[in-house]
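S.K.: One structure, pasted below without further comment.
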Amino acid sequence: MDLFRLIETNSFSSVWFWILTAVAWSSASHWILGVPSDLVQRARNEGGEVQDRVQQLLRINIARIKNIQKTAGLAMSTLVSFFLTGCLLLGFVYRIEFFQAVFLLTFPMVFVGWFSLRTARKIDAEMPEGEELYKIFRRLRLTIQFIGLFSITITSMWACFTS
């Protein structure tokens with residue numbers, strides 16, 4: 001019986017939902033285009049071999065992103081749109097709290113993906129190095145953190161409103 005109380009379906013009052021939210025946003029702001037932000041910071045400070053590793057990892061991840069977009073971009077866009085529309089309807093029209101929580105957690109990630117894709121295209125076209133590359137990384141990371149902050153604020157306000 002205690003197991004069922006631990007795993008609640010009331011998403012906004014569950015500690016697991018807020019842990020998942022924190023993990024999702026910290027991961028999104030740590031892995032910028034597949035490159036960990038601490039490695040970028042280390043490359044900026046040390047340069048040399050670490051900087052070469054960051055640029056090589058970036059080239060690999062941008063090629064991967066371009067390939068995914070080319071082969072499955074339309075299908076992924078369609079599935080994500082279908083999923084988010086379903087969560088939106090089930091959550092806010094039919095008032096199922098679980099789908100409200102899923103929507104409020106996943107919808108802002110669409111913007112993270114869009115900004116990341118846009119930045120990957122820009123880096124692929126220009127292939128900047130050194131301080132210019134770090135500036136692009138820093139700008140994308142701050143954008144993702146701002147989206148996360150806004151998303152968590154809206155989710156918290158909605159959780160207070162519905163309880």
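Letters A, B, ... mark the chains of the structure tokens in the order given; residue numbers begin at 1 per chain; ligand numbers begin at 1, in order shown.
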Got a sec: who's within 9 Å of A:Asn61, counting only C-alpha atoms, leaving out chain neighbours fewer than 2 positions off, as a PyMOL selection string?

M.R.: chain A and resi 33-35+56-59+63-66+120

S.K.: Excluding same-chain residues fewer than 3 positions from A:Leu88, what lies within 10 Å of it counting only C-alpha atoms, as a list of chain:residue names?

M.R.: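 After dropping sequence-adjacent residues, the list is A:Phe82, A:Phe83, A:Leu84, A:Thr85, A:Gly91, A:Phe92, A:Val93, A:Tyr94, A:Arg95, A:Ile96, A:Phe99, A:Gln100, A:Ala101, A:Val102, A:Phe103, A:Leu104, A:Phe107.
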
S.K.: Which residue is closest to A:Leu149? Choose from A:Leu89, A:Val15, A:Ala22, A:Leu133 and count only C-alpha atoms.

M.R.: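 Going through A:Leu89, A:Val15, A:Ala22, A:Leu133 one by one, the smallest distance to A:Leu149 is for A:Ala22.
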
S.K.: When you draw a straight line from atom CA of A:Gly48 to atom CA of A:Ile60, how long is it in Å?

M.R.: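 Between these atoms lies a distance of 18.7 Å.
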
S.K.: As a ChimeraX atom specification, which residues of chain A does DSSP assign to alpha helix (DSSP H)?

M.R.: /A:2-6,15-30,37-46,48-88,97-126,131-162

S.K.: For the residues in the current selection, export C-alpha atoms as a compact mmCIF listing (two decimals), in the first residue's frame.

M.R.:
# COMPACT_ATOMS: atom_id res chain seq x y z
CA ASP A 2 2.87 2.44 0.73
CA LEU A 3 4.32 1.78 -2.72
CA PHE A 4 1.21 3.26 -4.34
CA ARG A 5 1.51 6.40 -2.23
CA LEU A 6 5.17 6.74 -3.23
CA VAL A 15 8.60 14.88 -5.71
CA TRP A 16 9.51 12.60 -8.64
CA PHE A 17 8.08 15.08 -11.16
CA TRP A 18 10.17 17.92 -9.74
CA ILE A 19 13.30 15.72 -9.67
CA LEU A 20 12.68 14.80 -13.31
CA THR A 21 12.19 18.48 -14.16
CA ALA A 22 15.46 19.45 -12.47
CA VAL A 23 17.39 16.63 -14.16
CA ALA A 24 15.91 17.43 -17.58
CA TRP A 25 16.82 21.10 -17.43
CA SER A 26 20.25 20.62 -15.90
CA SER A 27 21.07 18.05 -18.60
CA ALA A 28 19.75 20.32 -21.34
CA SER A 29 21.93 23.21 -20.18
CA HIS A 30 25.00 21.03 -19.59
CA SER A 37 29.85 22.61 -20.98
CA ASP A 38 32.62 21.84 -18.49
CA LEU A 39 34.79 20.56 -21.36
CA VAL A 40 34.14 23.75 -23.31
CA GLN A 41 35.12 25.83 -20.27
CA ARG A 42 38.30 23.77 -19.83
CA ALA A 43 39.15 24.18 -23.53
CA ARG A 44 38.63 27.91 -23.22
CA ASN A 45 40.97 28.11 -20.24
CA GLU A 46 43.66 25.66 -21.37
CA GLY A 48 45.71 23.27 -27.08
CA GLU A 49 44.72 19.60 -27.09
CA VAL A 50 41.51 20.15 -25.15
CA GLN A 51 40.41 22.77 -27.65
CA ASP A 52 41.13 20.35 -30.51
CA ARG A 53 39.01 17.68 -28.77
CA VAL A 54 36.09 20.09 -28.37
CA GLN A 55 36.22 21.06 -32.05
CA GLN A 56 36.47 17.43 -33.14
CA LEU A 57 33.56 16.43 -30.89
CA LEU A 58 31.59 19.37 -32.23
CA ARG A 59 32.22 18.36 -35.85
CA ILE A 60 31.08 14.80 -35.09
CA ASN A 61 27.90 15.95 -33.33
CA ILE A 62 27.00 18.52 -35.98
CA ALA A 63 27.39 15.86 -38.69
CA ARG A 64 25.17 13.58 -36.60
CA ILE A 65 22.53 16.30 -36.16
CA LYS A 66 22.56 17.08 -39.89
CA ASN A 67 22.18 13.38 -40.75
CA ILE A 68 19.28 12.94 -38.32
CA GLN A 69 17.59 16.04 -39.72
CA LYS A 70 18.04 14.85 -43.30
CA THR A 71 16.88 11.27 -42.75
CA ALA A 72 14.23 11.60 -40.05
CA GLY A 73 13.52 15.30 -39.63
CA LEU A 74 10.05 15.29 -41.12
CA ALA A 75 9.00 12.12 -39.30
CA MET A 76 10.33 13.43 -35.99
CA SER A 77 8.56 16.77 -36.45
CA THR A 78 5.31 14.97 -37.21
CA LEU A 79 5.58 12.64 -34.21
CA VAL A 80 6.55 15.42 -31.81
CA SER A 81 3.64 17.56 -33.06
CA PHE A 82 1.21 14.66 -32.65
CA PHE A 83 2.54 13.86 -29.16
CA LEU A 84 2.41 17.47 -27.96
CA THR A 85 -1.06 18.04 -29.41
CA GLY A 86 -2.28 14.90 -27.66
CA CYS A 87 -0.78 15.99 -24.35
CA LEU A 88 -2.21 19.49 -24.79
CA GLU A 97 -2.96 16.43 -14.57
CA PHE A 98 -0.41 13.86 -15.76
CA PHE A 99 -0.65 15.13 -19.35
CA GLN A 100 -0.47 18.74 -18.19
CA ALA A 101 2.82 17.90 -16.48
CA VAL A 102 4.17 16.03 -19.50
CA PHE A 103 3.24 18.92 -21.80
CA LEU A 104 4.78 21.56 -19.52
CA LEU A 105 7.98 19.51 -19.34
CA THR A 106 8.32 18.62 -23.03
CA PHE A 107 6.95 21.64 -24.92
CA PRO A 108 9.83 23.99 -23.99
CA MET A 109 12.29 21.32 -25.13
CA VAL A 110 11.03 21.96 -28.68
CA PHE A 111 12.52 25.45 -28.43
CA VAL A 112 15.76 24.02 -27.06
CA GLY A 113 15.93 21.69 -30.06
CA TRP A 114 15.13 24.49 -32.48
CA PHE A 115 17.81 26.83 -31.08
CA SER A 116 20.31 23.96 -31.03
CA LEU A 117 19.57 23.06 -34.64
CA ARG A 118 19.84 26.68 -35.70
CA THR A 119 23.17 27.05 -33.90
CA ALA A 120 24.48 23.79 -35.38
CA ARG A 121 23.68 25.08 -38.87
CA LYS A 122 25.44 28.36 -38.13
CA ILE A 123 28.54 26.62 -36.78
CA ASP A 124 28.58 24.24 -39.77
CA ALA A 125 28.39 27.12 -42.23
CA GLU A 126 30.98 29.35 -40.55
CA GLU A 131 36.83 32.70 -28.71
CA GLU A 132 34.16 33.11 -31.39
CA LEU A 133 33.12 29.46 -30.95
CA TYR A 134 33.02 29.83 -27.16
CA LYS A 135 30.85 32.94 -27.55
CA ILE A 136 28.34 30.93 -29.62
CA PHE A 137 28.36 28.13 -27.02
CA ARG A 138 27.88 30.61 -24.18
CA ARG A 139 24.98 32.33 -25.98
CA LEU A 140 23.23 29.01 -26.70
CA ARG A 141 23.73 27.82 -23.11
CA LEU A 142 22.29 31.06 -21.71
CA THR A 143 19.34 30.79 -24.10
CA ILE A 144 18.65 27.23 -22.94
CA GLN A 145 18.97 28.26 -19.29
CA PHE A 146 16.55 31.14 -19.86
CA ILE A 147 14.03 28.79 -21.51
CA GLY A 148 14.44 26.41 -18.55
CA LEU A 149 13.96 29.18 -16.01
CA PHE A 150 10.85 30.43 -17.79
CA SER A 151 9.50 26.88 -18.13
CA ILE A 152 10.04 26.02 -14.47
CA THR A 153 8.42 29.31 -13.43
CA ILE A 154 5.33 28.69 -15.58
CA THR A 155 5.13 25.05 -14.42
CA SER A 156 5.38 26.09 -10.77
CA MET A 157 2.73 28.75 -11.19
CA TRP A 158 0.43 26.27 -12.94
CA ALA A 159 1.04 23.71 -10.18
CA CYS A 160 0.06 26.28 -7.54
CA PHE A 161 -2.97 27.31 -9.57
CA THR A 162 -4.29 23.75 -9.97

S.K.: Extract the full set of strand (DSSP E or B) residues from stretch 21-121 of chain A according to DSSP on the backbone, and format it as a ChimeraX atom specification.

M.R.: /A:31-32,35-36
